[in-house]
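K.L.:
mmCIF, C-alpha atoms, file query-v9.cif:
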```cif
data_entry
#
loop_
_atom_site.label_atom_id
_atom_site.label_comp_id
_atom_site.auth_asym_id
_atom_site.auth_seq_id
_atom_site.Cartn_x
_atom_site.Cartn_y
_atom_site.Cartn_z
CA MET D 1331 0.00 0.00 0.00
CA LYS D 1332 2.79 2.38 0.97
CA LYS D 1333 4.49 1.63 -2.32
CA TYR D 1334 1.37 2.64 -4.28
CA MET D 1335 0.93 5.83 -2.22
CA ALA D 1336 4.57 6.81 -2.84
CA ALA D 1337 4.09 6.26 -6.57
CA ALA D 1338 0.92 8.37 -6.54
CA VAL D 1339 2.67 11.19 -4.70
CA ALA D 1340 5.58 11.03 -7.14
CA LEU D 1341 3.16 11.20 -10.08
CA MET D 1342 1.35 14.19 -8.56
CA LEU D 1343 4.64 15.98 -8.00
CA PHE D 1344 5.69 15.25 -11.58
CA VAL D 1345 2.39 16.59 -12.95
CA PHE D 1346 2.53 19.65 -10.71
CA TRP D 1347 6.18 20.43 -11.39
CA GLY D 1348 5.86 19.69 -15.09
CA GLY D 1349 2.77 21.89 -15.32
CA ALA D 1350 4.55 24.72 -13.53
CA ARG D 1351 7.48 24.50 -15.87
CA ALA D 1352 5.18 24.38 -18.92
CA GLU D 1353 3.70 27.74 -17.84
CA ALA D 1354 7.10 29.44 -17.88
CA LEU D 1355 7.58 31.63 -20.94
CA SER D 1356 10.56 31.27 -23.27
CA ARG D 1357 11.63 33.39 -26.21
CA GLY D 1358 10.52 30.64 -28.57
CA ASP D 1359 6.94 30.98 -27.29
CA ILE D 1360 6.72 34.49 -28.74
CA ALA D 1361 6.24 34.79 -32.52
CA ALA D 1362 7.39 38.42 -32.61
CA GLU D 1363 10.91 39.23 -33.75
CA THR D 1364 11.46 41.28 -30.61
CA ALA D 1365 9.41 41.75 -27.43
CA VAL D 1366 9.64 43.16 -23.94
CA LEU D 1367 7.49 43.10 -20.82
CA MET D 1368 7.99 46.01 -18.40
CA ASP D 1369 6.61 46.74 -14.95
CA PHE D 1370 4.97 50.17 -15.07
CA GLU D 1371 5.73 51.11 -11.45
CA THR D 1372 9.48 50.49 -11.47
CA GLY D 1373 10.48 50.12 -15.13
CA GLN D 1374 11.81 46.62 -14.35
CA ILE D 1375 12.10 44.29 -17.35
CA LEU D 1376 10.30 40.98 -16.75
CA PHE D 1377 10.78 39.43 -20.20
CA ASP D 1378 13.30 40.17 -22.93
CA LYS D 1379 13.42 38.90 -26.47
CA GLY D 1380 15.93 41.03 -28.36
CA MET D 1381 14.62 44.16 -26.65
CA ASN D 1382 17.62 46.29 -27.73
CA ARG D 1383 17.57 45.22 -31.38
CA ARG D 1384 16.83 48.05 -33.84
CA VAL D 1385 13.43 47.64 -35.50
CA PHE D 1386 10.88 49.70 -37.43
CA PRO D 1387 8.00 50.86 -35.18
CA ALA D 1388 5.31 51.43 -37.87
CA SER D 1389 2.28 53.19 -36.32
CA THR D 1390 3.33 52.69 -32.70
CA THR D 1391 5.17 55.90 -33.66
CA LYS D 1392 1.85 57.66 -33.09
CA ILE D 1393 2.24 57.16 -29.33
CA MET D 1394 4.91 59.87 -29.42
CA THR D 1395 2.82 62.02 -31.78
CA CYS D 1396 -0.16 61.82 -29.43
CA LEU D 1397 1.96 62.53 -26.36
CA LEU D 1398 3.42 65.71 -27.87
CA ALA D 1399 -0.05 66.83 -28.97
CA VAL D 1400 -1.65 66.48 -25.53
CA GLU D 1401 1.35 68.25 -23.96
CA ASN D 1402 1.22 71.17 -26.39
CA SER D 1403 -2.45 71.75 -27.24
CA ARG D 1404 -6.02 71.71 -25.93
CA PRO D 1405 -8.70 69.24 -27.10
CA ASP D 1406 -10.96 72.10 -28.27
CA GLU D 1407 -8.36 73.74 -30.51
CA ILE D 1408 -9.48 73.86 -34.14
CA ILE D 1409 -6.84 72.66 -36.59
CA ALA D 1410 -6.81 73.15 -40.34
CA VAL D 1411 -5.89 70.57 -42.97
CA SER D 1412 -3.19 71.64 -45.45
CA GLU D 1413 -2.34 70.22 -48.85
CA THR D 1414 1.10 69.24 -47.55
CA ALA D 1415 -0.41 67.21 -44.72
CA VAL D 1416 -2.57 65.21 -47.11
CA PHE D 1417 -0.53 64.93 -50.31
CA SER D 1418 2.89 64.29 -48.76
CA ILE D 1419 1.65 60.77 -47.95
CA THR D 1420 2.37 58.72 -51.07
CA GLU D 1421 2.18 55.24 -49.52
CA PRO D 1422 -0.63 53.36 -51.32
CA LEU D 1423 -3.46 52.01 -49.16
CA SER D 1424 -2.14 53.65 -45.98
CA SER D 1425 -4.63 54.31 -43.17
CA HIS D 1426 -6.49 57.64 -43.32
CA ILE D 1427 -9.87 59.26 -42.60
CA ALA D 1428 -10.10 61.11 -45.95
CA LEU D 1429 -9.25 64.55 -44.65
CA THR D 1430 -9.48 67.28 -47.31
CA PRO D 1431 -7.32 70.41 -47.67
CA GLY D 1432 -9.23 73.30 -46.06
CA GLU D 1433 -11.14 71.02 -43.69
CA GLU D 1434 -11.23 72.03 -40.04
CA LEU D 1435 -11.62 69.75 -37.02
CA PRO D 1436 -11.04 69.82 -33.26
CA MET D 1437 -7.75 68.48 -31.94
CA ASP D 1438 -9.83 66.03 -29.89
CA ASP D 1439 -11.23 64.31 -32.99
CA ALA D 1440 -7.85 64.39 -34.72
CA LEU D 1441 -6.29 62.51 -31.80
CA PHE D 1442 -9.02 59.87 -31.77
CA ALA D 1443 -8.43 59.44 -35.52
CA LEU D 1444 -4.69 59.20 -34.91
CA MET D 1445 -4.87 56.50 -32.24
CA MET D 1446 -7.88 54.38 -33.26
CA PRO D 1447 -8.01 53.92 -37.05
CA SER D 1448 -4.35 55.07 -37.10
CA ALA D 1449 -4.98 57.86 -39.60
CA ASN D 1450 -1.75 59.04 -41.22
CA ASP D 1451 -3.36 62.21 -42.59
CA ALA D 1452 -4.42 63.11 -39.04
CA ALA D 1453 -0.83 62.55 -37.86
CA ASN D 1454 0.48 65.09 -40.37
CA VAL D 1455 -2.23 67.63 -39.58
CA ILE D 1456 -1.44 67.37 -35.87
CA ALA D 1457 2.29 67.67 -36.51
CA GLU D 1458 1.92 70.83 -38.59
CA HIS D 1459 -0.40 72.40 -36.03
CA ILE D 1460 1.95 71.73 -33.11
CA ALA D 1461 5.31 72.57 -34.68
CA GLY D 1462 4.57 74.58 -37.85
CA SER D 1463 6.04 71.97 -40.18
CA LEU D 1464 6.48 68.22 -40.44
CA GLU D 1465 10.26 68.55 -40.15
CA ALA D 1466 10.08 70.69 -37.01
CA PHE D 1467 7.73 68.17 -35.42
CA THR D 1468 10.18 65.29 -35.93
CA ASP D 1469 12.78 67.41 -34.14
CA LEU D 1470 10.38 67.64 -31.20
CA MET D 1471 9.82 63.88 -31.33
CA ASN D 1472 13.53 63.11 -31.16
CA ALA D 1473 14.15 65.63 -28.41
CA LYS D 1474 11.36 64.07 -26.36
CA ALA D 1475 12.68 60.57 -26.98
CA ALA D 1476 16.11 61.63 -25.70
CA GLU D 1477 14.51 63.23 -22.63
CA ILE D 1478 12.64 60.01 -21.86
CA GLY D 1479 15.80 57.92 -22.25
CA ALA D 1480 14.86 56.27 -25.56
CA VAL D 1481 18.42 56.72 -26.79
CA ASN D 1482 18.23 54.04 -29.51
CA THR D 1483 15.32 55.70 -31.29
CA ASN D 1484 15.19 58.08 -34.26
CA PHE D 1485 11.95 59.42 -35.71
CA ALA D 1486 11.75 60.63 -39.32
CA ASN D 1487 8.00 61.32 -39.48
CA ALA D 1488 4.89 61.65 -37.29
CA HIS D 1489 2.98 58.62 -38.61
CA GLY D 1490 5.41 55.68 -38.84
CA LEU D 1491 5.26 54.91 -42.56
CA HIS D 1492 8.50 53.29 -43.61
CA ASP D 1493 11.72 55.27 -43.68
CA PRO D 1494 15.11 53.57 -43.24
CA MET D 1495 16.06 56.27 -40.69
CA HIS D 1496 12.87 55.80 -38.69
CA TYR D 1497 13.62 53.19 -36.04
CA THR D 1498 13.39 52.24 -32.37
CA THR D 1499 13.76 49.22 -30.07
CA ALA D 1500 11.17 47.29 -28.10
CA ARG D 1501 12.71 48.59 -24.87
CA ASP D 1502 12.66 52.21 -26.07
CA MET D 1503 9.03 51.86 -27.11
CA ALA D 1504 8.22 50.53 -23.63
CA ARG D 1505 9.95 53.56 -22.12
CA ILE D 1506 8.00 55.93 -24.39
CA THR D 1507 4.72 54.15 -23.60
CA ARG D 1508 5.43 54.23 -19.87
CA HIS D 1509 6.13 57.95 -19.95
CA ALA D 1510 3.08 58.71 -22.09
CA ALA D 1511 0.72 56.56 -20.00
CA GLU D 1512 1.45 58.71 -16.95
CA ASN D 1513 -0.56 61.46 -18.70
CA PRO D 1514 -4.34 61.03 -18.13
CA MET D 1515 -5.19 62.97 -21.28
CA PHE D 1516 -3.00 60.67 -23.36
CA MET D 1517 -4.85 57.67 -21.88
CA ARG D 1518 -8.13 59.19 -23.09
CA TYR D 1519 -7.05 58.38 -26.65
CA PHE D 1520 -4.76 55.40 -25.99
CA GLY D 1521 -7.55 53.60 -24.11
CA ALA D 1522 -10.55 54.39 -26.32
CA ASP D 1523 -12.44 51.58 -28.06
CA LEU D 1524 -15.10 53.48 -30.07
CA HIS D 1525 -15.54 57.12 -31.09
CA THR D 1526 -17.87 59.15 -33.32
CA MET D 1527 -16.39 62.19 -35.03
CA ALA D 1528 -18.80 65.03 -35.74
CA ALA D 1529 -19.37 66.51 -39.19
CA THR D 1530 -16.93 69.23 -40.27
CA ASN D 1531 -17.06 72.27 -42.53
CA LEU D 1532 -16.28 70.04 -45.55
CA GLN D 1533 -17.73 66.70 -44.43
CA SER D 1534 -21.46 66.57 -43.77
CA GLU D 1535 -21.51 63.08 -42.29
CA GLU D 1536 -20.16 61.69 -39.04
CA ARG D 1537 -17.14 59.40 -39.05
CA TYR D 1538 -17.06 56.26 -36.88
CA PHE D 1539 -13.82 54.94 -35.40
CA THR D 1540 -12.99 51.54 -33.88
CA ASN D 1541 -9.67 50.86 -32.21
CA TYR D 1542 -7.60 48.31 -34.13
CA GLN D 1543 -6.12 47.20 -30.81
CA TYR D 1544 -8.88 44.61 -30.42
CA MET D 1545 -7.84 43.68 -26.88
CA LEU D 1546 -9.55 46.96 -25.93
CA VAL D 1547 -12.77 46.33 -27.85
CA PRO D 1548 -15.52 44.28 -26.13
CA GLY D 1549 -17.06 41.63 -28.35
CA THR D 1550 -13.92 40.97 -30.38
CA ARG D 1551 -12.23 37.57 -30.03
CA PHE D 1552 -9.07 39.14 -28.62
CA TYR D 1553 -10.79 41.33 -26.00
CA ASN D 1554 -9.00 41.32 -22.64
CA GLU D 1555 -10.61 43.14 -19.73
CA ALA D 1556 -7.22 43.84 -18.13
CA VAL D 1557 -6.06 45.95 -21.09
CA THR D 1558 -6.39 49.70 -20.50
CA GLY D 1559 -4.62 51.07 -23.56
CA GLY D 1560 -2.94 50.09 -26.79
CA LYS D 1561 -1.72 51.03 -30.25
CA VAL D 1562 -1.11 48.80 -33.24
CA GLY D 1563 1.03 49.35 -36.32
CA TYR D 1564 1.85 47.70 -39.62
CA THR D 1565 4.11 48.25 -42.60
CA HIS D 1566 5.56 45.55 -44.81
CA PRO D 1567 9.16 46.05 -43.55
CA ALA D 1568 8.09 46.36 -39.90
CA ARG D 1569 5.39 43.66 -39.99
CA HIS D 1570 2.88 43.95 -37.13
CA THR D 1571 3.80 45.99 -34.07
CA MET D 1572 1.84 46.70 -30.91
CA SER D 1573 2.14 48.50 -27.58
CA THR D 1574 -0.20 47.52 -24.74
CA VAL D 1575 -0.83 48.64 -21.16
CA ALA D 1576 -2.79 46.37 -18.82
CA GLU D 1577 -3.76 46.51 -15.14
CA LYS D 1578 -4.72 43.63 -12.86
CA ASP D 1579 -4.78 43.21 -9.08
CA GLY D 1580 -3.03 46.52 -8.54
CA ARG D 1581 -0.18 45.81 -10.94
CA THR D 1582 0.29 47.58 -14.29
CA LEU D 1583 2.37 46.07 -17.10
CA ILE D 1584 3.56 47.27 -20.50
CA ALA D 1585 3.92 44.71 -23.31
CA ILE D 1586 5.66 45.56 -26.60
CA VAL D 1587 5.82 43.22 -29.60
CA MET D 1588 7.64 44.13 -32.82
CA GLY D 1589 7.75 42.15 -36.05
CA SER D 1590 4.85 39.87 -35.15
CA GLY D 1591 1.97 38.45 -37.19
CA ARG D 1592 -1.53 39.84 -37.71
CA ASP D 1593 -3.15 37.63 -35.03
CA GLU D 1594 0.09 36.68 -33.29
CA LYS D 1595 0.56 40.21 -31.98
CA PHE D 1596 -2.52 39.63 -29.81
CA THR D 1597 -1.60 36.10 -28.74
CA ASP D 1598 2.00 37.19 -28.09
CA THR D 1599 0.76 40.02 -25.89
CA LYS D 1600 -1.63 37.79 -23.94
CA LYS D 1601 1.20 35.36 -23.21
CA LEU D 1602 3.39 38.19 -21.96
CA LEU D 1603 0.67 39.68 -19.77
CA ASP D 1604 -0.33 36.31 -18.28
CA PHE D 1605 3.33 35.62 -17.54
CA GLY D 1606 3.78 38.96 -15.77
CA PHE D 1607 0.56 38.86 -13.77
CA GLU D 1608 0.72 35.20 -12.74
CA GLN D 1609 4.37 34.35 -12.23
CA PHE D 1610 5.84 37.34 -10.39
CA THR D 1611 5.43 38.54 -6.82
CA ARG D 1612 6.08 42.06 -5.56
CA HIS D 1613 8.74 42.49 -2.87
CA VAL D 1614 10.48 45.47 -1.29
CA ILE D 1615 14.13 45.61 -0.35
CA HIS D 1616 14.47 48.00 2.58
CA SER D 1617 16.96 50.85 2.78
CA ASP D 1618 19.02 49.22 5.54
CA GLU D 1619 19.48 46.15 3.31
CA LEU D 1620 20.88 48.32 0.52
CA GLY D 1621 23.84 49.34 2.68
CA SER D 1622 25.80 52.56 3.09
CA TYR D 1623 29.18 53.43 1.60
CA THR D 1624 31.98 55.93 2.20
CA VAL D 1625 34.19 57.20 -0.64
CA PRO D 1626 37.14 59.61 -0.14
CA LEU D 1627 36.79 63.17 -1.44
CA THR D 1628 40.02 64.43 -2.99
CA GLU D 1629 41.57 67.60 -4.38
CA ASP D 1630 44.86 67.55 -6.29
CA GLY D 1631 45.45 63.98 -5.13
CA GLU D 1632 45.00 64.85 -1.44
CA THR D 1633 42.06 63.60 0.64
CA VAL D 1634 40.07 66.54 1.98
CA GLY D 1635 36.97 64.74 3.20
CA ALA D 1636 34.58 61.92 2.44
CA VAL D 1637 31.31 61.24 0.65
CA ARG D 1638 28.79 59.10 2.51
CA LEU D 1639 26.33 57.30 0.23
CA TYR D 1640 23.14 55.59 1.37
CA ALA D 1641 19.65 54.63 0.22
CA ALA D 1642 17.08 57.16 1.39
CA SER D 1643 14.20 54.70 0.96
CA GLY D 1644 13.40 51.11 0.09
CA MET D 1645 12.99 49.79 -3.45
CA PRO D 1646 10.12 47.65 -4.78
CA TYR D 1647 10.82 44.93 -7.32
CA LEU D 1648 9.11 41.92 -8.90
CA LEU D 1649 10.62 38.48 -8.37
CA HIS D 1650 9.81 35.40 -10.42
CA ASN D 1651 8.07 32.78 -8.32
CA SER D 1652 10.88 30.29 -8.90
CA LEU D 1653 13.09 32.53 -6.72
CA ALA D 1654 13.03 33.66 -3.08
CA PRO D 1655 14.11 37.02 -1.59
CA SER D 1656 17.20 35.23 -0.27
CA ASP D 1657 18.29 34.83 -3.93
CA VAL D 1658 18.47 38.61 -4.35
CA SER D 1659 21.82 40.40 -4.06
CA THR D 1660 22.89 44.05 -4.09
CA ASP D 1661 26.00 45.71 -5.44
CA ALA D 1662 27.16 49.31 -5.76
CA ALA D 1663 29.83 50.06 -8.37
CA LEU D 1664 31.65 53.01 -6.81
CA PRO D 1665 34.83 54.87 -7.80
CA LEU D 1666 37.92 54.76 -5.59
CA SER D 1667 37.39 58.46 -4.87
CA TYR D 1668 35.43 61.56 -5.94
CA GLY D 1669 37.14 64.79 -6.95
CA VAL D 1670 35.78 68.01 -5.45
CA SER D 1671 34.66 69.19 -8.91
CA GLU D 1672 33.02 65.88 -9.91
CA LYS D 1673 29.30 65.25 -10.05
CA ILE D 1674 28.47 62.75 -7.33
CA ALA D 1675 26.22 60.09 -8.86
CA ALA D 1676 25.88 56.53 -7.63
CA ALA D 1677 23.36 53.71 -7.45
CA VAL D 1678 23.05 50.27 -5.93
CA ASN D 1679 21.98 47.49 -8.31
CA ILE D 1680 19.57 44.74 -7.24
CA THR D 1681 19.97 41.44 -9.08
CA ALA D 1682 18.88 37.80 -8.98
CA ASP D 1683 19.86 35.05 -11.40
CA CYS D 1684 16.79 33.31 -12.80
CA GLU D 1685 17.00 30.01 -14.69
CA LEU D 1686 14.43 31.25 -17.22
CA GLU D 1687 16.32 32.40 -20.32
CA ALA D 1688 14.22 35.47 -21.06
CA VAL D 1689 14.04 36.89 -17.51
CA PRO D 1690 16.84 39.43 -16.93
CA SER D 1691 18.91 39.18 -13.76
CA ALA D 1692 18.68 42.95 -13.19
CA LEU D 1693 15.70 43.72 -10.96
CA ALA D 1694 16.19 47.38 -10.10
CA SER D 1695 18.70 50.17 -9.66
CA MET D 1696 18.33 52.41 -6.61
CA PRO D 1697 19.89 55.89 -6.77
CA LEU D 1698 21.89 56.70 -3.64
CA THR D 1699 21.77 59.90 -1.61
CA SER D 1700 25.08 61.55 -0.76
CA GLU D 1701 26.39 63.63 2.11
CA ILE D 1702 29.74 65.42 1.94
CA GLU D 1703 31.96 65.52 5.01
CA LEU D 1704 35.02 67.81 5.27
CA ASP D 1705 37.41 67.42 8.21
CA ALA D 1706 34.75 65.20 9.82
CA VAL D 1707 32.21 68.06 9.71
CA PRO D 1708 29.06 67.21 7.70
CA ALA D 1709 28.33 69.64 4.91
CA LEU D 1710 25.24 71.78 5.42
CA VAL D 1711 23.74 70.70 2.09
CA SER D 1712 23.08 67.08 1.09
CA VAL D 1713 23.11 66.32 -2.61
CA VAL D 1714 20.24 64.00 -3.55
CA ILE D 1715 21.01 61.80 -6.55
CA ASN D 1716 17.38 60.82 -7.24
CA GLU D 1717 16.00 61.74 -10.64
CA ARG D 1718 14.70 65.32 -10.79
CA THR D 1719 11.53 66.62 -12.38
CA PRO D 1720 11.57 69.88 -14.39
CA ALA D 1721 9.84 71.67 -11.47
CA ASP D 1722 12.82 70.86 -9.24
CA HIS D 1723 15.48 72.36 -11.51
CA THR D 1724 15.45 75.89 -10.01
CA LEU D 1725 15.67 74.64 -6.43
CA GLU D 1726 18.35 72.13 -7.48
CA LEU D 1727 20.41 74.94 -9.05
CA VAL D 1728 20.19 77.09 -5.88
CA LEU D 1729 21.15 74.16 -3.65
CA GLY D 1730 23.94 73.17 -6.01
CA ILE D 1731 25.43 76.68 -6.00
CA SER D 1732 25.13 76.82 -2.20
CA ALA D 1733 26.91 73.48 -1.91
CA VAL D 1734 29.74 74.68 -4.17
CA VAL D 1735 30.15 77.90 -2.18
CA LEU D 1736 30.19 76.03 1.12
CA LEU D 1737 32.63 73.47 -0.23
CA ALA D 1738 34.92 76.22 -1.49
CA ALA D 1739 34.79 77.92 1.92
CA PHE D 1740 35.70 74.70 3.74
CA LEU D 1741 38.56 74.05 1.34
CA ALA D 1742 39.87 77.61 1.76
CA MET D 1743 39.78 77.19 5.53
CA ALA D 1744 41.62 73.88 5.25
CA ARG D 1745 44.31 75.46 3.05
CA LEU D 1746 44.69 78.36 5.50
CA ARG D 1747 45.15 75.93 8.41
CA ARG D 1748 47.78 73.99 6.45
CA TYR D 1749 49.58 77.24 5.58
CA ARG D 1750 49.61 78.37 9.20
CA ARG D 1751 50.90 74.99 10.39
CA ARG D 1752 53.65 75.05 7.74
CA LYS D 1753 54.61 78.61 8.72
CA ALA D 1754 54.73 77.63 12.41
CA ARG D 1755 56.98 74.64 11.61
CA LEU D 1756 59.37 76.84 9.67
CA ALA D 1757 59.45 79.30 12.54
CA ARG D 1758 60.28 76.52 15.01
CA ILE D 1759 63.06 75.28 12.75
CA GLY D 1760 64.43 78.78 12.56
CA ARG D 1761 64.50 78.95 16.40
CA GLY D 1762 66.12 75.49 16.68
CA ARG D 1763 63.02 73.85 18.12
CA PRO D 1764 62.30 70.21 17.33
CA MET D 1765 59.30 69.46 15.07
CA LEU D 1766 56.41 67.63 16.73
#
```
I need this file expressed as structure tokens, please.
P.N.:
Amino acid sequence: MKKYMAAAVALMLFVFWGGARAEALSRGDIAAETAVLMDFETGQILFDKGMNRRVFPASTTKIMTCLLAVENSRPDEIIAVSETAVFSITEPLSSHIALTPGEELPMDDALFALMMPSANDAANVIAEHIAGSLEAFTDLMNAKAAEIGAVNTNFANAHGLHDPMHYTTARDMARITRHAAENPMFMRYFGADLHTMAATNLQSEERYFTNYQYMLVPGTRFYNEAVTGGKVGYTHPARHTMSTVAEKDGRTLIAIVMGSGRDEKFTDTKKLLDFGFEQFTRHVIHSDELGSYTVPLTEDGETVGAVRLYAASGMPYLLHNSLAPSDVSTDAALPLSYGVSEKIAAAVNITADCELEAVPSALASMPLTSEIELDAVPALVSVVINERTPADHTLELVLGISAVVLLAAFLAMARLRRYRRRKARLARIGRGRPML
């Protein structure tokens, strides 16, 4: 009897363990050429399939176009359609809503047309309205991409039709999507499923839009109630591309697939989202676990003080369920010393090696706060390394100047003390006194 029970238990364990392993996601399970799954809260990468490989974004480009529009216009602004906006698009059979030169429409409707039926004529009209010309708008796009940290991206137009110099990576597109999705007005268009556009001065009938990101549209076979926003794209060189944001049980994820198939972009995305929602658990590594560090502060090769570095707060991260918090390690790559004129920037990296091929070992990177100490006296101003927002720049400049002035004063005092000690020694030598 015991023998049969042992065999049954072994079989159950095999089925359970085998089933668990079958649920794990590998790169081969994703049809897309490249893909990435990102945690919205922290920016942590949960799945990577060639995420840094250069690809063509197709109409996921319009995420950037929409973001710049909501940041630089109002929904009720009336925009006019030019001949350039319409006739500069020579791609046959490209998506459009049949805008006519001289037609006028609210920015609100133009943005719904941009994001839902992916209208390329609407993209050009928006670009001209925001920047004055199509070329000037692409300059804005690239400047914004650099600001976001999408450093492997270059935009050549506002719509995403093929251009060999119009490219991105899956990871950059996730960064752009994450930044854009923080804007509630952007989400109005990114998350819409249906919209009716009113008649215009040159179009007497209403226009009806459905989002081609069918995971947003109830009643379609790909509908997913967790999905809160999305944008699809297609050109022949790019194949099918898609950006998706989904929220479930308090967790928000971003899934990007590039170079996928017509239906596979939806099935790829569902696999990624299920993987992220079901197989990761949120943890927090506390500030005392991240450690504190001391690095010498030098001037002209001489130590004049020290920089103390520490984590001002804890750091959340997601850990695959095959791992435990005890598998997590921290490491801070610090220089041997900081010069008094150097920018003090440091971070502690949180890592864990996972046996799954597509799960990166890097979990998070926590910026460290610094305090400068001169002659064992703490400086009056602490320099915080955490990422600044534009609203902080003025205060940061004032504090930075104050810190430089204080540092210069301390160094001047230290030099004066050294000069006086040297002068006293020379005087003692001159009087025949021994040096102490």
K.L.:
On this structure, which residues satisfy the PyMOL selection byres ((chain D and resi 1395) around 8), written as a PyMOL selection string?
P.N.:
chain D and resi 1391-1394+1396-1399+1453+1456-1457+1471+1488-1489
K.L.:
Please provide as a VMD selection string all residues within 9 Å of range 1579-1594 of chain D, with the sequence filter that same-chain residues fewer than 2 positions apart are discarded (counting all atoms listed in the file).
P.N.:
chain D and resid 1360 to 1371 1385 to 1387 1499 to 1501 1503 to 1504 1507 to 1508 1552 1564 1567 to 1577 1596 to 1600 1602 to 1603 1606 to 1607
K.L.:
Taking the file above as input, evaluate the PyMOL selection byres ((chain D and resi 1684) around 10) and report the hits as a ChimeraX atom specification.
P.N.:
/D:1649-1653,1657,1681-1683,1685-1692
K.L.:
Measuring between all atoms listed in the file, which one of D:Val1400, D:Leu1546, D:Leu1698, D:Val1658 shows the shortest distance to Ile1680 in chain D?
P.N.:
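Among the listed residues, D:Val1658 lies closest to Ile1680 in chain D.
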K.L.:
Separation of CA of Gly1490 in chain D and CA of Thr1468 in chain D, in Å?
P.N.:
11.1 Å
K.L.:
How many Å lie between CA of Val1634 in chain D and CA of Ala1663 in chain D, rounded to one decimal?
P.N.:
22.0 Å
K.L.:
List the neighbours of Pro1436 in chain D out to 7 Å using all atoms listed in the file; skip same-chain residues closer than 3 positions along the sequence, and give me the result as a VMD selection string.
P.N.:
chain D and resid 1405 to 1409 1439 to 1440
K.L.:
Go through D:Thr1430, D:Asn1454, D:Thr1372, D:Gln1543 and flag the residue nearest Thr1530 in chain D, using all atoms listed in the file for the distances.
P.N.:
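Selected residue with least distance to Thr1530 in chain D: D:Thr1430.
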K.L.:
Take every atom of range 1623-1626 of chain D listed in the file, fit an axis-aligned box around them, add 6 Å per side, and give the centre and edge lengths in Å to one decimal as AutoDock Vina command-line options.
P.N.:
```
--center_x 33.2 --center_y 56.5 --center_z 0.8 --size_x 20.0 --size_y 18.2 --size_z 14.8
```
K.L.:
When distances are computed from only C-alpha atoms, which of D:Ile1460, D:Ala1636, D:Ala1388, D:Ala1556 shows the smallest separation from His1496 in chain D?
P.N.:
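Under the stated criterion, the closest residue is D:Ala1388.
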K.L.:
Pick the closest to Asp1493 in chain D from D:Lys1379, D:His1613, D:Lys1578, D:His1566: which is it, counting all atoms listed in the file?
P.N.:
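When distances to Asp1493 in chain D are compared using all atoms listed in the file, the smallest one comes from D:His1566.
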K.L.:
Considering all atoms listed in the file, return as a short mmCIF file (atom, residue, chain, number, x, y, z; two decimals) with C-alpha atoms, in the frame of the given file whatever protein or nucleic-acid residues lie within 9 Å of range 1532-1542 of chain D, sequence-local ones (same chain, fewer than 2 positions apart) excluded.
P.N.:
```cif
data_model
loop_
_atom_site.label_atom_id
_atom_site.label_comp_id
_atom_site.auth_asym_id
_atom_site.auth_seq_id
_atom_site.Cartn_x
_atom_site.Cartn_y
_atom_site.Cartn_z
CA ILE D 1427 -9.87 59.26 -42.60
CA LEU D 1429 -9.25 64.55 -44.65
CA THR D 1430 -9.48 67.28 -47.31
CA GLY D 1432 -9.23 73.30 -46.06
CA GLU D 1433 -11.14 71.02 -43.69
CA GLU D 1434 -11.23 72.03 -40.04
CA PHE D 1442 -9.02 59.87 -31.77
CA ALA D 1443 -8.43 59.44 -35.52
CA MET D 1445 -4.87 56.50 -32.24
CA MET D 1446 -7.88 54.38 -33.26
CA PRO D 1447 -8.01 53.92 -37.05
CA SER D 1448 -4.35 55.07 -37.10
CA GLY D 1521 -7.55 53.60 -24.11
CA ALA D 1522 -10.55 54.39 -26.32
CA ASP D 1523 -12.44 51.58 -28.06
CA LEU D 1524 -15.10 53.48 -30.07
CA HIS D 1525 -15.54 57.12 -31.09
CA THR D 1526 -17.87 59.15 -33.32
CA MET D 1527 -16.39 62.19 -35.03
CA ALA D 1528 -18.80 65.03 -35.74
CA ALA D 1529 -19.37 66.51 -39.19
CA THR D 1530 -16.93 69.23 -40.27
CA TYR D 1544 -8.88 44.61 -30.42
CA MET D 1545 -7.84 43.68 -26.88
CA LEU D 1546 -9.55 46.96 -25.93
CA VAL D 1547 -12.77 46.33 -27.85
CA GLY D 1560 -2.94 50.09 -26.79
CA LYS D 1561 -1.72 51.03 -30.25
CA VAL D 1562 -1.11 48.80 -33.24
CA GLY D 1563 1.03 49.35 -36.32
#
```
K.L.:
Evaluated on this file, the PyMOL selection byres ((chain D and resi 1482) around 12) picks out some residues - which ones are they, written as a list of chain:residue names?
P.N.:
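Against this file, the PyMOL selection byres ((chain D and resi 1482) around 12) returns the residues D:Met1381, D:Asn1382, D:Arg1383, D:Arg1384, D:Val1385, D:Phe1386, D:Asn1472, D:Ala1475, D:Ala1476, D:Ile1478, D:Gly1479, D:Ala1480, D:Val1481, D:Thr1483, D:Asn1484, D:Phe1485, D:Met1495, D:His1496, D:Tyr1497, D:Thr1498, D:Thr1499, D:Ala1500, D:Arg1501, D:Asp1502, D:Met1503, D:Arg1505, D:Ile1506.
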